[in-house]
Amino acid sequence: MSNWLTDYVRPKIRALVSRETALPDDLWRQCTSCERMIFHRDFEQAQRVCPHCGHHMRVDPKFRFETLFDAGSWQQIELPKVPADPLKFRDQKRYADRLKEAQAKTGRQDALEAAHGKIDGMPAVIAVMNFAFMGGSMGTAVGEAFLAAAKLAVLQEAALIVFTSSGGARMQEGALSLMQMARTTVAVEMVKDKGLPYIVVLTDPTTGGVTASFAMLGDIQLAEPGAMIGFAGARVIEQTIREKLPEGFQRAEYLRDHGIVDMVVHRFDLRATLVRILDLLLRKRRDLPEAPAAAEPAVEPPAEAPTLELVRTSEPQPGE
Amino acid sequence: MDFEKPIAELEGKVKELRHLATGSELDLQEEISKLESRAAKLLSQTYAKLNAWQKALVARHPDRPHFKDYVASLVENWTPLAGDRAFADDSAIQGGIGRLRGRSVVLIGHERGHDTESRVKHNFGMARPEGYRKAMRLMRLAERFGLPVVTLVDTPGAYPGVDAEARGQAEAIARSIETGLDLQVPFVSVIVGEGGSGGAIALAAADRVLMLEHSIYSVITPEGCAAILWRAADQASEAAQALKLTAQDLLELRLIDAVVEEPLGGAHRGRATTIGRVGDAIEQQLAELDGVAGADLRRNRREKFIRMGQAVEA
């Protein structure tokens, strides 16, 4: 465990704390993978990617909207209200109470949020799952929200981009949650029928019924480095086959190597990659004079996004 | 099954008396019929009020008719078709063309097997990606020739294995749902035993979804749900109740279209009757879908699924 960071950074924290006891706790973040400390300003600047090990930490929907849409171009969609707890489900706790707790904890309605706006001037709807809300599980609310996002994409002739992160179906809604697999698939079809791009970005973790429905139906499938992506959980598989799982199993890079995702994209390069894909799919002719009304001012990519070598390999960044 | 013990005891007694009666002058007929009617009454009472967990056990009963039994009784000129044209043939999902009540259909379904050897061969009805990809291929074949698609669903779920994940289990299921929703031919699905999660809905995104009276259809097994939410697998009975996974629950939630009645004491006590009723139900549903244009079938099917959340709201 000994390295320059634990030896160097931790004592420094202690020194700081001892000098100034009122120091707020939230000045430092800990990497959920390498467990090293990151100063909060560095953390935000690095788009919540660990500067030491390159681990992509989970982020909330707002983060995606802010980092991907053209500045000031986006607006969050009001999502349809759905009946809470349709089955009156109760395990050790009432589902109605679990829902309320999750809403209080996150300040959000449910596990999917959507916004519409422009990406490099091109219209897009971005839907983002929120793992912090009951493990990003998919129930009626998520299904309805996804449908609303798809319908808006159709209405605005916009691309639909979805960021997945989910433990799977929301068991507390029984077969109703299972039906969301079919309902979200219909939503995807509505977008595709209109000839609009449907782009999936798989983020950590994406499993179960979400993976086995709209998360695997993208025209283009992207994934964030190291993201855990699979149908069955690793524990279930281990119990079934009674063997150790292969190295890197169900990670984004494993899926790319097995032909299931198109590319693994570093978070720094995500916007530029999306811009490039949308540009190629939507602005089909550069050889013709552009219709004057269609021209939108292109927005400069953020400074940290490199203009060349847009897709990086997924190898962790050198940290030590 | 535990809850059938009192019935089995009575039936055992009847057998014993019969055996006694054949070897002697005694006239036990009156006694035998009395016991028989008691057994029948107990059976009907028990099955009239099976709880969700008991239904899960009945749905998984090894003597329930399986895919091959339905094919043997209902389908003429059965022509099984194999393989996904990419990797392998998956025995957990069977499919082919045949004539069902006079109609040419593409019939696809899970096969669980009936003894140790066949269960292993069919992987207990747990399909791998190539199984769903075969199903999709056959659905498209049906569409090309304007044949209806009929699926029989009976699976604990999709196979959770390293090889299945490596070949894109989730993608195969997602595409299978997508293909079902896209078809421009009639598509009828019957849950005949266990409708286990994604592995089941992969074959059941249909115009009409029917369930046998004591079958179940669930997002997770009661055991799995209990292990996660109760942190105790022995709470499966409670989980089954909470999940609302019976045919009656799903009909009430308007997630399925009809329930096919089973003979007294469950499908495993009246296999031929069960198969016949499933055949009747499929025939009726296909007749109702006759003459509907392909584009309308597809639109109606999609709208049906879209309405599902909203149906509960109403």
# chains A, B, ... in the order shown; residues from 1 in each chain; ligands from 1
>>> interface_residues(of="chain B", to="chain A", cutoff="7 Å", atoms="only C-alpha atoms", output="NGL selection string")
:B and (160-162 or 165-171 or 173-174 or 177-178 or 197-198 or 205 or 217-219 or 229-230 or 242-245 or 302 or 305-306 or 309 or 313)
>>> select_by_dssp(residues="range 91-231 of chain A", states="strand (DSSP E or B)", output="PyMOL selection string")
chain A and resi 94+112-119+122-129+138+159-166+169+198-206+220-223+228-229
>>> closest_residue(among="B:Glu194, B:Glu143, B:Glu261, B:Asp154", to="Ala295 in chain B", atoms="only C-alpha atoms")
B:Glu143
>>> atom_distance(atom1="CA of Met138 in chain A", atom2="CA of Ala111 in chain A")
7.3 Å
>>> select_by_dssp(residues="range 82-316 of chain A", states="alpha helix (DSSP H)", output="PyMOL selection string")
chain A and resi 95-106+140-156+174-193+208-211+234-241+252-257+270-282
>>> write_last_selection(atoms="C-alpha atoms", output="PDB file, in the first residue's frame")
ATOM      1  CA  TYR A  95     -41.145   0.032  -1.210  1.00  0.00           C
ATOM      2  CA  ALA A  96     -43.069   3.286  -0.791  1.00  0.00           C
ATOM      3  CA  ASP A  97     -40.718   4.160   2.075  1.00  0.00           C
ATOM      4  CA  ARG A  98     -37.604   3.103   0.185  1.00  0.00           C
ATOM      5  CA  LEU A  99     -38.675   5.367  -2.657  1.00  0.00           C
ATOM      6  CA  LYS A 100     -39.214   8.309  -0.348  1.00  0.00           C
ATOM      7  CA  GLU A 101     -35.833   7.716   1.266  1.00  0.00           C
ATOM      8  CA  ALA A 102     -34.125   7.629  -2.110  1.00  0.00           C
ATOM      9  CA  GLN A 103     -35.896  10.807  -3.137  1.00  0.00           C
ATOM     10  CA  ALA A 104     -34.891  12.528   0.089  1.00  0.00           C
ATOM     11  CA  LYS A 105     -31.298  11.329  -0.182  1.00  0.00           C
ATOM     12  CA  THR A 106     -30.782  12.351  -3.808  1.00  0.00           C
ATOM     13  CA  THR A 140     -42.122   2.393 -14.383  1.00  0.00           C
ATOM     14  CA  ALA A 141     -40.682   5.857 -13.703  1.00  0.00           C
ATOM     15  CA  VAL A 142     -37.462   5.082 -15.570  1.00  0.00           C
ATOM     16  CA  GLY A 143     -39.424   3.523 -18.431  1.00  0.00           C
ATOM     17  CA  GLU A 144     -41.712   6.545 -18.688  1.00  0.00           C
ATOM     18  CA  ALA A 145     -38.801   8.965 -18.485  1.00  0.00           C
ATOM     19  CA  PHE A 146     -36.953   7.127 -21.232  1.00  0.00           C
ATOM     20  CA  LEU A 147     -40.087   7.161 -23.392  1.00  0.00           C
ATOM     21  CA  ALA A 148     -40.481  10.885 -22.784  1.00  0.00           C
ATOM     22  CA  ALA A 149     -36.860  11.477 -23.836  1.00  0.00           C
ATOM     23  CA  ALA A 150     -37.351   9.399 -27.001  1.00  0.00           C
ATOM     24  CA  LYS A 151     -40.591  11.159 -27.902  1.00  0.00           C
ATOM     25  CA  LEU A 152     -38.930  14.534 -27.479  1.00  0.00           C
ATOM     26  CA  ALA A 153     -36.018  13.434 -29.686  1.00  0.00           C
ATOM     27  CA  VAL A 154     -38.530  12.467 -32.380  1.00  0.00           C
ATOM     28  CA  LEU A 155     -40.396  15.734 -31.976  1.00  0.00           C
ATOM     29  CA  GLN A 156     -37.251  17.859 -32.181  1.00  0.00           C
ATOM     30  CA  GLY A 174     -42.404  -7.068 -10.186  1.00  0.00           C
ATOM     31  CA  ALA A 175     -43.393  -7.906 -13.750  1.00  0.00           C
ATOM     32  CA  LEU A 176     -44.117  -4.223 -14.358  1.00  0.00           C
ATOM     33  CA  SER A 177     -40.386  -3.575 -14.189  1.00  0.00           C
ATOM     34  CA  LEU A 178     -39.797  -6.485 -16.569  1.00  0.00           C
ATOM     35  CA  MET A 179     -42.176  -4.903 -19.064  1.00  0.00           C
ATOM     36  CA  GLN A 180     -40.001  -1.785 -19.111  1.00  0.00           C
ATOM     37  CA  MET A 181     -37.529  -3.820 -21.156  1.00  0.00           C
ATOM     38  CA  ALA A 182     -40.101  -3.986 -23.947  1.00  0.00           C
ATOM     39  CA  ARG A 183     -41.366  -0.440 -23.413  1.00  0.00           C
ATOM     40  CA  THR A 184     -37.916   1.152 -23.611  1.00  0.00           C
ATOM     41  CA  THR A 185     -37.213  -0.940 -26.707  1.00  0.00           C
ATOM     42  CA  VAL A 186     -40.314   0.528 -28.356  1.00  0.00           C
ATOM     43  CA  ALA A 187     -38.938   3.963 -27.462  1.00  0.00           C
ATOM     44  CA  VAL A 188     -35.628   3.153 -29.180  1.00  0.00           C
ATOM     45  CA  GLU A 189     -37.527   1.972 -32.247  1.00  0.00           C
ATOM     46  CA  MET A 190     -39.462   5.244 -32.412  1.00  0.00           C
ATOM     47  CA  VAL A 191     -36.175   7.148 -32.631  1.00  0.00           C
ATOM     48  CA  LYS A 192     -34.660   4.752 -35.168  1.00  0.00           C
ATOM     49  CA  ASP A 193     -37.786   4.763 -37.334  1.00  0.00           C
ATOM     50  CA  GLY A 208     -29.400  -6.878 -15.811  1.00  0.00           C
ATOM     51  CA  GLY A 209     -32.580  -5.787 -17.511  1.00  0.00           C
ATOM     52  CA  VAL A 210     -31.184  -2.417 -18.568  1.00  0.00           C
ATOM     53  CA  THR A 211     -28.239  -4.034 -20.341  1.00  0.00           C
ATOM     54  CA  ALA A 234     -20.371 -11.628 -11.379  1.00  0.00           C
ATOM     55  CA  ARG A 235     -21.384 -13.328  -8.133  1.00  0.00           C
ATOM     56  CA  VAL A 236     -24.253 -15.200  -9.761  1.00  0.00           C
ATOM     57  CA  ILE A 237     -21.949 -16.390 -12.536  1.00  0.00           C
ATOM     58  CA  GLU A 238     -19.289 -17.476 -10.077  1.00  0.00           C
ATOM     59  CA  GLN A 239     -21.863 -19.466  -8.131  1.00  0.00           C
ATOM     60  CA  THR A 240     -23.141 -21.075 -11.325  1.00  0.00           C
ATOM     61  CA  ILE A 241     -19.854 -22.120 -12.852  1.00  0.00           C
ATOM     62  CA  ALA A 252     -15.706  -2.092 -20.916  1.00  0.00           C
ATOM     63  CA  GLU A 253     -12.472  -3.211 -22.587  1.00  0.00           C
ATOM     64  CA  TYR A 254     -13.563  -6.870 -22.388  1.00  0.00           C
ATOM     65  CA  LEU A 255     -16.802  -5.990 -24.154  1.00  0.00           C
ATOM     66  CA  ARG A 256     -14.927  -4.073 -26.825  1.00  0.00           C
ATOM     67  CA  ASP A 257     -12.577  -7.022 -27.351  1.00  0.00           C
ATOM     68  CA  LEU A 270     -16.385  11.975 -24.758  1.00  0.00           C
ATOM     69  CA  ARG A 271     -17.767  15.266 -25.984  1.00  0.00           C
ATOM     70  CA  ALA A 272     -15.391  15.435 -28.916  1.00  0.00           C
ATOM     71  CA  THR A 273     -16.230  11.857 -29.858  1.00  0.00           C
ATOM     72  CA  LEU A 274     -19.964  12.510 -29.709  1.00  0.00           C
ATOM     73  CA  VAL A 275     -19.534  15.680 -31.767  1.00  0.00           C
ATOM     74  CA  ARG A 276     -17.557  13.786 -34.391  1.00  0.00           C
ATOM     75  CA  ILE A 277     -20.084  10.950 -34.614  1.00  0.00           C
ATOM     76  CA  LEU A 278     -23.112  13.236 -34.763  1.00  0.00           C
ATOM     77  CA  ASP A 279     -21.394  15.457 -37.297  1.00  0.00           C
ATOM     78  CA  LEU A 280     -20.680  12.480 -39.555  1.00  0.00           C
ATOM     79  CA  LEU A 281     -24.169  11.055 -39.202  1.00  0.00           C
ATOM     80  CA  LEU A 282     -26.112  14.294 -39.499  1.00  0.00           C
TER      81      LEU A 282
END
